[in-house]
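Colleague: My structure file structure-v4.cif, mmCIF, C-alpha atoms, is below:
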```
data_query
#
loop_
_atom_site.label_atom_id
_atom_site.label_comp_id
_atom_site.auth_asym_id
_atom_site.auth_seq_id
_atom_site.Cartn_x
_atom_site.Cartn_y
_atom_site.Cartn_z
CA MET Q 1 18.37 240.48 100.11
CA LYS Q 2 14.97 238.90 99.66
CA GLU Q 3 14.21 241.47 96.99
CA GLN Q 4 17.52 240.71 95.19
CA THR Q 5 16.62 237.02 95.13
CA GLU Q 6 13.20 237.76 93.70
CA ILE Q 7 14.58 240.09 91.04
CA PHE Q 8 17.23 237.49 90.11
CA LYS Q 9 14.51 234.87 89.75
CA LYS Q 10 12.52 237.17 87.46
CA VAL Q 11 15.53 238.19 85.36
CA LYS Q 12 16.52 234.53 84.97
CA GLU Q 13 12.98 233.73 83.84
CA LEU Q 14 13.10 236.55 81.26
CA ILE Q 15 16.51 235.44 79.98
CA THR Q 16 15.12 231.92 79.59
CA GLU Q 17 12.24 233.32 77.51
CA VAL Q 18 14.72 235.19 75.28
CA ILE Q 19 17.26 232.40 74.78
CA GLY Q 20 14.62 229.69 74.69
CA ALA Q 21 13.94 226.97 77.26
CA GLU Q 22 15.47 224.39 74.90
CA PHE Q 23 18.83 226.19 74.83
CA ILE Q 24 19.07 227.56 78.34
CA GLU Q 25 20.07 224.14 79.71
CA GLU Q 26 23.40 224.53 77.95
CA TYR Q 27 24.21 227.42 80.29
CA THR Q 28 24.57 227.91 84.02
CA VAL Q 29 22.52 230.97 84.87
CA GLU Q 30 23.90 232.42 88.09
CA MET Q 31 24.02 235.83 89.68
CA GLU Q 32 27.61 236.27 88.44
CA SER Q 33 26.93 235.08 84.84
CA THR Q 34 27.74 237.64 82.16
CA LEU Q 35 25.23 238.12 79.34
CA THR Q 36 27.58 238.07 76.38
CA GLY Q 37 30.39 235.95 77.86
CA ASP Q 38 28.78 233.19 79.92
CA LEU Q 39 25.32 233.20 78.33
CA GLU Q 40 26.54 234.12 74.81
CA MET Q 41 23.63 236.47 74.28
CA GLU Q 42 23.52 238.41 71.02
CA SER Q 43 22.94 242.16 71.04
CA ILE Q 44 19.46 241.70 69.54
CA GLU Q 45 18.67 239.27 72.39
CA ILE Q 46 19.76 241.93 74.89
CA VAL Q 47 17.29 244.27 73.20
CA GLU Q 48 14.58 241.64 73.71
CA LEU Q 49 15.58 241.22 77.35
CA SER Q 50 15.47 245.00 77.86
CA GLU Q 51 11.96 245.20 76.41
CA LYS Q 52 10.79 242.38 78.68
CA ILE Q 53 12.30 244.05 81.75
CA LYS Q 54 10.64 247.36 80.80
CA LYS Q 55 7.32 245.60 80.31
CA HIS Q 56 7.55 243.80 83.63
CA TYR Q 57 8.84 246.61 85.86
CA GLY Q 58 7.27 249.55 84.03
CA GLY Q 59 8.51 253.13 83.81
CA ALA Q 60 10.45 253.02 87.09
CA VAL Q 61 13.23 251.07 85.35
CA SER Q 62 14.85 252.96 82.43
CA PHE Q 63 16.78 249.90 81.38
CA SER Q 64 17.67 250.94 77.81
CA GLU Q 65 18.98 254.35 78.92
CA TRP Q 66 21.04 252.73 81.66
CA MET Q 67 22.57 250.30 79.16
CA ALA Q 68 23.32 253.08 76.68
CA LYS Q 69 25.43 254.78 79.33
CA LEU Q 70 27.65 251.70 79.60
CA SER Q 71 30.83 251.54 77.56
CA LEU Q 72 31.18 248.69 75.08
CA GLU Q 73 33.58 247.01 77.50
CA GLN Q 74 31.09 247.34 80.36
CA LEU Q 75 28.35 246.01 78.12
CA ILE Q 76 30.49 243.01 77.21
CA ASN Q 77 31.12 242.33 80.91
CA LEU Q 78 27.55 243.03 81.98
CA SER Q 79 26.43 240.42 84.54
CA ILE Q 80 23.03 239.43 85.85
CA LYS Q 81 24.14 240.83 89.20
CA ASP Q 82 24.66 244.28 87.58
CA ILE Q 83 21.13 244.15 86.21
CA VAL Q 84 19.62 242.95 89.49
CA THR Q 85 21.42 245.68 91.43
CA TYR Q 86 20.27 248.31 88.95
CA ILE Q 87 16.63 247.17 89.09
CA GLU Q 88 16.74 246.96 92.88
CA GLY Q 89 18.04 250.55 93.05
CA CYS Q 90 15.27 251.79 90.74
CA LEU Q 91 12.59 250.01 92.77
CA GLN Q 92 13.91 251.50 96.02
CA LEU Q 93 13.68 255.01 94.52
CA LYS Q 94 10.09 254.42 93.42
CA MET P 95 8.49 241.49 69.19
CA PRO P 96 6.49 244.28 67.50
CA ALA P 97 6.44 244.03 63.71
CA ILE P 98 4.74 245.31 60.58
CA GLU P 99 3.82 243.15 57.63
CA ILE P 100 5.20 243.71 54.14
CA THR P 101 4.74 241.87 50.86
CA TYR P 102 7.43 241.96 48.19
CA ARG P 103 7.21 240.12 44.88
CA GLY P 104 4.68 237.75 46.36
CA GLN P 105 6.70 237.00 49.50
CA LYS P 106 5.05 238.01 52.76
CA GLY P 107 7.19 238.92 55.73
CA GLU P 108 7.59 241.03 58.82
CA ILE P 109 9.75 244.01 59.64
CA HIS P 110 10.67 244.05 63.33
CA ILE P 111 10.41 247.48 64.95
CA GLN P 112 11.12 249.02 68.35
CA GLU P 113 9.91 252.33 69.69
CA LEU P 114 11.09 254.56 72.53
CA ASN P 115 9.23 257.54 74.02
CA PRO P 116 6.06 257.08 71.93
CA GLY P 117 4.45 260.18 73.45
CA ALA P 118 6.93 262.73 72.03
CA THR P 119 5.75 265.20 69.38
CA ASP P 120 8.56 264.74 66.83
CA THR P 121 9.58 261.36 65.41
CA ILE P 122 13.00 260.18 64.30
CA VAL P 123 13.48 256.90 62.44
CA LEU P 124 16.85 255.14 62.71
CA VAL P 125 18.17 252.86 59.94
CA HIS P 126 21.07 250.51 60.72
CA GLY P 127 23.89 249.36 58.47
CA MET P 128 24.37 246.19 56.43
CA PHE P 129 24.82 243.02 58.56
CA GLY P 130 23.82 244.90 61.70
CA ASN P 131 20.43 245.21 63.36
CA LEU P 132 18.53 247.77 65.41
CA SER P 133 20.61 246.98 68.50
CA GLN P 134 23.28 249.22 66.89
CA PHE P 135 21.05 252.07 68.10
CA TYR P 136 18.96 250.57 70.89
CA LEU P 137 22.03 249.89 73.03
CA THR P 138 23.79 253.15 72.12
CA ILE P 139 22.29 256.49 71.02
CA ALA P 140 18.56 255.73 70.87
CA PRO P 141 17.81 256.20 74.60
CA PHE P 142 19.52 259.61 74.52
CA LEU P 143 17.61 260.68 71.40
CA ALA P 144 14.46 259.46 73.15
CA ARG P 145 14.86 262.16 75.78
CA GLU P 146 13.63 264.57 73.09
CA PHE P 147 12.04 262.50 70.34
CA ARG P 148 9.86 259.55 69.62
CA VAL P 149 12.45 257.07 68.33
CA LEU P 150 11.58 254.31 65.88
CA MET P 151 14.09 251.64 64.92
CA TYR P 152 13.62 248.64 62.67
CA ASP P 153 15.58 245.67 61.40
CA LEU P 154 16.19 245.80 57.65
CA ARG P 155 14.74 242.90 55.67
CA SER P 156 16.75 239.70 56.33
CA HIS P 157 18.46 241.31 59.34
CA GLY P 158 17.88 240.99 63.09
CA ARG P 159 14.38 239.67 63.79
CA SER P 160 12.91 240.68 60.41
CA THR P 161 11.92 238.04 57.87
CA CYS P 162 14.54 236.81 55.43
CA PHE P 163 13.69 237.98 51.91
CA LYS P 164 15.35 236.53 48.83
CA THR P 165 15.43 239.83 46.96
CA GLY P 166 15.15 243.57 47.39
CA PHE P 167 18.51 244.79 48.75
CA ASP P 168 18.66 247.72 46.33
CA LEU P 169 18.21 251.23 47.71
CA ASN P 170 14.87 251.74 45.96
CA THR P 171 13.31 248.73 47.65
CA LEU P 172 14.93 249.40 51.02
CA SER P 173 13.70 253.01 50.93
CA GLU P 174 10.21 251.66 50.22
CA ASP P 175 10.49 249.45 53.32
CA LEU P 176 11.39 252.61 55.24
CA ASN P 177 8.32 254.27 53.76
CA ARG P 178 6.16 251.44 55.08
CA VAL P 179 7.60 251.92 58.55
CA ILE P 180 6.88 255.67 58.39
CA ILE P 181 3.34 255.16 57.10
CA GLU P 182 2.65 252.63 59.86
CA SER P 183 4.04 255.04 62.45
CA GLY P 184 1.39 257.61 61.59
CA ALA P 185 3.99 260.40 61.40
CA GLU P 186 3.28 262.83 58.56
CA LYS P 187 6.83 264.12 58.60
CA CYS P 188 9.85 262.86 60.50
CA HIS P 189 13.58 263.11 60.99
CA LEU P 190 15.74 260.33 59.58
CA LEU P 191 19.05 258.93 60.74
CA GLY P 192 20.99 256.26 58.87
CA PHE P 193 24.31 254.60 59.62
CA SER P 194 26.66 253.36 56.86
CA TYR P 195 24.48 251.58 54.27
CA GLY P 196 21.55 252.90 56.32
CA ALA P 197 22.80 256.44 55.52
CA LEU P 198 22.41 255.65 51.82
CA ILE P 199 18.89 254.36 52.49
CA VAL P 200 17.78 257.53 54.30
CA LEU P 201 19.39 259.75 51.63
CA LYS P 202 17.62 257.76 48.92
CA TYR P 203 14.39 258.21 50.87
CA ALA P 204 14.98 261.98 51.13
CA MET P 205 15.54 262.08 47.34
CA ARG P 206 12.31 260.21 46.64
CA PHE P 207 9.96 261.25 49.46
CA GLY P 208 11.34 264.67 50.43
CA GLU P 209 7.94 266.00 51.45
CA LYS P 210 7.90 263.55 54.38
CA VAL P 211 11.33 264.46 55.73
CA ASN P 212 12.23 267.15 58.26
CA LYS P 213 15.98 266.66 58.71
CA VAL P 214 18.46 263.91 57.86
CA ILE P 215 21.44 262.65 59.85
CA ALA P 216 23.82 260.71 57.59
CA LEU P 217 26.23 258.83 59.83
CA GLU P 218 29.29 257.52 58.05
CA ILE P 219 28.22 257.47 54.39
CA PRO P 220 30.23 254.57 52.97
CA PRO P 221 32.27 254.78 49.77
CA ARG P 222 31.19 252.45 47.00
CA HIS P 223 32.88 249.07 47.35
CA THR P 224 36.01 248.88 45.25
CA LEU P 225 36.68 245.14 45.33
CA PRO P 226 34.46 243.03 43.08
CA PHE P 227 32.07 240.66 44.81
CA LYS P 228 32.57 236.92 44.40
CA ASP P 229 29.90 234.89 42.65
CA LYS P 230 26.72 234.17 44.54
CA GLY P 231 26.93 230.79 46.30
CA THR P 232 30.71 230.81 46.76
CA TYR P 233 30.97 232.59 50.12
CA THR P 234 32.50 230.62 52.99
CA PHE P 235 33.33 231.12 56.66
CA ASP P 236 36.84 232.25 55.64
CA ASP P 237 35.32 235.08 53.59
CA PHE P 238 33.18 236.08 56.54
CA TRP P 239 36.14 236.00 58.91
CA ALA P 240 38.25 238.13 56.59
CA PHE P 241 35.34 240.56 56.29
CA ALA P 242 34.87 240.70 60.08
CA LEU P 243 38.56 241.29 60.73
CA SER P 244 38.64 244.08 58.16
CA LEU P 245 36.02 246.08 60.07
CA PRO P 246 37.02 249.03 62.24
CA PRO P 247 37.46 248.01 65.91
CA HIS P 248 34.19 249.36 67.32
CA VAL P 249 32.08 247.73 64.64
CA ARG P 250 34.09 244.50 64.71
CA ASP P 251 33.85 244.18 68.51
CA ASN P 252 30.11 244.62 68.29
CA PHE P 253 29.89 241.85 65.66
CA LEU P 254 32.18 239.44 67.50
CA ARG P 255 30.82 239.98 70.98
CA SER P 256 29.99 236.34 71.74
CA LYS P 257 30.18 232.90 70.15
CA ARG P 258 26.47 232.89 69.40
CA GLN P 259 26.77 236.40 67.91
CA VAL P 260 29.59 235.22 65.62
CA LYS P 261 27.60 232.15 64.58
CA ASN P 262 24.44 234.10 63.84
CA THR P 263 26.23 236.96 62.09
CA TYR P 264 27.99 234.36 59.94
CA ASN P 265 24.63 232.70 59.17
CA LEU P 266 23.25 236.10 58.14
CA TYR P 267 26.32 236.87 56.01
CA GLU P 268 26.37 233.44 54.38
CA ASN P 269 22.63 233.51 53.69
CA ILE P 270 22.64 237.01 52.21
CA PHE P 271 25.65 236.39 49.98
CA ASN P 272 24.82 232.88 48.87
CA ASN P 273 21.02 232.70 48.79
CA THR P 274 19.72 236.16 47.92
CA SER P 275 19.99 238.80 45.22
CA PHE P 276 22.34 240.86 47.41
CA VAL P 277 25.47 240.59 45.23
CA GLU P 278 23.51 241.36 42.07
CA ASP P 279 21.75 244.28 43.78
CA MET P 280 25.04 245.71 45.04
CA ASN P 281 26.66 245.42 41.61
CA ASN P 282 23.69 247.13 39.95
CA GLU P 283 23.51 249.97 42.47
CA LYS P 284 24.97 253.20 41.13
CA GLU P 285 26.88 255.61 43.31
CA PHE P 286 24.92 258.79 44.12
CA SER P 287 25.99 261.59 41.78
CA SER P 288 26.00 265.36 42.37
CA SER P 289 22.62 265.63 40.62
CA ASP P 290 21.18 262.91 42.89
CA TYR P 291 22.27 264.88 45.94
CA THR P 292 20.58 268.06 44.67
CA LEU P 293 17.28 266.21 45.12
CA VAL P 294 17.83 266.24 48.89
CA GLN P 295 16.10 269.41 50.04
CA ALA P 296 16.06 268.66 53.77
CA PRO P 297 18.93 269.91 55.97
CA VAL P 298 21.51 267.15 56.35
CA GLN P 299 24.00 266.52 59.14
CA LEU P 300 27.02 264.69 57.75
CA PHE P 301 28.42 263.04 60.86
CA PHE P 302 31.71 261.09 60.82
CA GLY P 303 34.32 259.70 63.15
CA ASP P 304 37.45 261.85 63.03
CA HIS P 305 39.54 258.88 61.86
CA SER P 306 36.87 257.01 59.96
CA ILE P 307 37.62 254.99 56.85
CA CYS P 308 34.66 256.81 55.25
CA LEU P 309 36.16 260.30 55.34
CA PRO P 310 37.05 260.22 51.60
CA GLU P 311 33.32 259.87 50.88
CA LEU P 312 32.62 262.97 52.97
CA GLU P 313 35.14 264.86 50.85
CA ARG P 314 33.49 263.57 47.66
CA VAL P 315 29.91 264.53 48.52
CA LYS P 316 30.02 267.44 50.94
CA ASN P 317 29.84 270.19 48.31
CA TRP P 318 26.85 268.60 46.61
CA ILE P 319 24.47 268.99 49.54
CA ASN P 320 22.66 272.31 49.82
CA LYS P 321 21.81 272.59 53.50
CA LYS P 322 24.51 270.73 55.33
CA THR P 323 26.13 270.64 58.74
CA ILE P 324 29.37 268.69 59.05
CA SER P 325 30.07 267.17 62.46
CA PHE P 326 32.85 265.00 63.81
CA GLU P 327 33.25 262.92 66.92
CA GLN P 328 36.31 261.15 68.18
CA GLY P 329 36.56 257.63 66.78
CA ASP P 330 36.28 255.37 63.76
CA HIS P 331 33.36 254.09 61.67
CA GLY P 332 31.44 253.00 64.77
CA PHE P 333 32.21 256.10 66.87
CA PHE P 334 28.63 256.59 68.09
CA MET P 335 28.63 253.10 69.65
CA HIS P 336 31.58 254.18 71.74
CA ARG P 337 30.71 257.82 72.43
CA CYS P 338 26.96 257.49 72.67
CA GLU P 339 25.86 260.44 74.74
CA GLN P 340 28.29 262.93 73.14
CA SER P 341 27.20 261.83 69.65
CA ALA P 342 23.50 261.94 70.52
CA ASN P 343 23.85 265.44 71.96
CA LYS P 344 25.37 266.72 68.71
CA MET P 345 22.51 265.11 66.79
CA ILE P 346 19.87 266.66 69.07
CA GLU P 347 21.52 270.06 68.73
CA PHE P 348 21.30 269.76 64.93
CA LEU P 349 17.71 268.54 64.96
CA GLN P 350 16.48 271.27 67.31
CA ARG P 351 18.36 274.13 65.68
#
```
Would you mind writing the structure in this file as structure tokens?
Modeller:
Amino acid sequence: MKEQTEIFKKVKELITEVIGAEFIEEYTVEMESTLTGDLEMESIEIVELSEKIKKHYGGAVSFSEWMAKLSLEQLINLSIKDIVTYIEGCLQLK
Amino acid sequence: MPAIEITYRGQKGEIHIQELNPGATDTIVLVHGMFGNLSQFYLTIAPFLAREFRVLMYDLRSHGRSTCFKTGFDLNTLSEDLNRVIIESGAEKCHLLGFSYGALIVLKYAMRFGEKVNKVIALEIPPRHTLPFKDKGTYTFDDFWAFALSLPPHVRDNFLRSKRQVKNTYNLYENIFNNTSFVEDMNNEKEFSSSDYTLVQAPVQLFFGDHSICLPELERVKNWINKKTISFEQGDHGFFMHRCEQSANKMIEFLQR
């Protein structure tokens, strides 16, 4: 649980970097927030987020491959919790 | 974001690029379609292609995170941008994949710089537009909305994924139509003829959705390409965004044959 909280904090920080600190205040960034629905992220912003996650967590987290396996509907409904759970799983396997 | 610098008619700018699996021996460069950006690949087939290849993707000029240029939307100039990306990559020879207008760009490249091309994947070669463009400066949100709604479902859903996506895609559309040479460049561009296609010496995979709106173009050009493989996958114009792994596997099979 502690690890989930830490990963959430990091992911939130990375999303803030992508969207921009000046815009993030317009949104409530919670564990259940969806990237494209609640946070209105564009696909190119999700690419930026993916690159930041890869850079931060390194090779243990194959974020882009994981996302490519999602259907368009899953991608549209992708939440921060999904990402946190995925990263947590990768880190446990490390 | 990683980028390379280009200068065109005195205007300096950057082309945004992304790379997966940089350590692989063979390189494939992916070129997206008009009004899209490299996320068309990054979030779909690119990670699967990266299991076997070094994958380079870039945003066309004025698209995605690349600099907005006022001119240079003709296939000659866009294929020269692709050449810059390939030169910067250090690859002496590479595979190319282009989607929709991107397919025309990679085919143009193969016609002009054939010695640098291993194989070409032409995804969904589009037919030449049949409706005349409006005058530059007259495009409105209604035109954009009609354009968006006319797109096949997979492409449209990708464009209209969120409010910010709609707003920014509209800004891109409005800027390109009203403030650049795009309309003029499109009107001046000639359809590839049979003799143009004979210049493509590299093996080409013509890859289409089985109920794509572009199938008539496949019928028009397929006999003009010397070394061709014709592949289909279930779906419309954006089939590879929906059936990513299946599509990528067919591409890898072609490239490694």
Colleague: Where does chain Q meet chain P within 12 Å, residue by residue, with the nearest atom pair and distance in Å to one decimal for each, counting only C-alpha atoms, listed by chain and rising number, as CSV?
Modeller:
```
residue,atom,partner,partner_atom,distance
Q:Val18,CA,P:Met95,CA,10.8
Q:Ile19,CA,P:Arg258,CA,10.7
Q:Phe23,CA,P:Arg258,CA,11.5
Q:Thr34,CA,P:Ser256,CA,10.7
Q:Leu35,CA,P:Ser256,CA,9.1
Q:Thr36,CA,P:Ser256,CA,5.5
Q:Gly37,CA,P:Ser256,CA,6.1
Q:Asp38,CA,P:Ser256,CA,8.8
Q:Leu39,CA,P:Ser256,CA,8.7
Q:Glu40,CA,P:Ser256,CA,5.1
Q:Met41,CA,P:Arg258,CA,6.7
Q:Glu42,CA,P:Gln259,CA,4.9
Q:Ser43,CA,P:Ser133,CA,5.9
Q:Ile44,CA,P:Ser133,CA,5.5
Q:Glu45,CA,P:Ser133,CA,8.9
Q:Ile46,CA,P:Ser133,CA,8.2
Q:Val47,CA,P:Ser133,CA,6.4
Q:Glu48,CA,P:Met95,CA,7.6
Q:Leu49,CA,P:Met95,CA,10.8
Q:Ser50,CA,P:Leu137,CA,9.5
Q:Glu51,CA,P:Met95,CA,8.8
Q:Lys52,CA,P:Met95,CA,9.8
Q:Lys54,CA,P:Leu114,CA,11.0
Q:Lys55,CA,P:Met95,CA,11.9
Q:Gly59,CA,P:Asn115,CA,10.8
Q:Ser62,CA,P:Pro141,CA,9.0
Q:Phe63,CA,P:Pro141,CA,9.3
Q:Ser64,CA,P:Pro141,CA,6.2
Q:Glu65,CA,P:Pro141,CA,4.8
Q:Trp66,CA,P:Pro141,CA,8.5
Q:Met67,CA,P:Leu137,CA,6.2
Q:Ala68,CA,P:Thr138,CA,4.6
Q:Lys69,CA,P:Glu339,CA,7.3
Q:Leu70,CA,P:Thr138,CA,8.5
Q:Ser71,CA,P:His336,CA,6.4
Q:Leu72,CA,P:His336,CA,6.4
Q:Glu73,CA,P:His336,CA,9.4
Q:Gln74,CA,P:His336,CA,11.0
Q:Leu75,CA,P:Leu137,CA,9.0
Q:Ile76,CA,P:Arg255,CA,6.9
Q:Asn77,CA,P:Arg255,CA,10.2
Q:Leu78,CA,P:Arg255,CA,11.9
```
Colleague: Go ahead and compute the interatomic distance for atom CA of P:Leu201 and atom CA of P:Tyr291, in Å to one decimal.
Modeller: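 Separation of atom CA of P:Leu201 and atom CA of P:Tyr291: 8.2 Å.
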Colleague: In Å, rounded to a single decimal, give me how far atom CA of P:Met151 is from atom CA of P:Phe238.
Modeller: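 One can read the atom CA of P:Phe238 to atom CA of P:Met151 distance as 26.0 Å.
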Colleague: Counting all atoms listed in the file, I want the residues whose atoms come within 9 Å of (18.3, 241.1, 92.3) in the file frame, returned as number ranges by chain.
Modeller: Q: 1-11, 31, 80-88
Colleague: If the PyMOL selection byres ((chain P and resi 170) around 12) is run on the structure shown, which residues does it catch, given as a PyMOL selection string?
Modeller: chain P and resi 165-169+171-177+198-207+279-280+282-284
Colleague: Evaluate the PyMOL selection byres ((chain P and resi 218) around 7) against this structure - the residues, as a VMD selection string, please.
Modeller: chain P and resid 193 to 194 216 to 217 219 to 220 301 to 302 308 331
Colleague: Of the candidates P:Lys230, P:His126, P:Lys316, P:His305, which shows the shortest atom-to-atom distance to P:Ser288, using only C-alpha atoms?
Modeller: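 Of P:Lys230, P:His126, P:Lys316, P:His305, the one nearest P:Ser288, counting only C-alpha atoms, is P:Lys316.
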Colleague: In Å to one decimal, how far is atom CA of P:Gln340 from atom CA of P:Leu245?
Modeller: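 Answer for the atom CA of P:Leu245 to atom CA of P:Gln340 separation: 22.7 Å.
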Colleague: Which neighbours of stretch 233-237 of chain P fall inside 7 Å, counting all atoms listed in the file, when residues of the same chain fewer than 5 positions from it are skipped, and could you give them as a list of chain:residue names?
Modeller: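 Answer for this query is P:Glu268, P:Phe271, P:Asn272.
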Colleague: Can you pull out the residues contacting P:Gly184? Cut-off 12 Å, using all atoms listed in the file, and skip same-chain residues under 3 positions away; I want them as a ChimeraX atom specification.
Modeller: /P:116,119-121,148,150,177-181,187-188,210
Colleague: If the PyMOL selection byres ((chain P and resi 292) around 9) were run on this exact file, what residues would it hold? Put them as a list in words.
Modeller: Met205, Ser287, Ser288, Ser289, Asp290, Tyr291, Leu293, Val294, Gln295, Trp318, Ile319 and Asn320 of chain P
Colleague: Using only C-alpha atoms, which residue out of P:Lys164, P:Lys106, P:Arg222, P:Arg155 lies closest to P:Asn269?
Modeller: P:Lys164
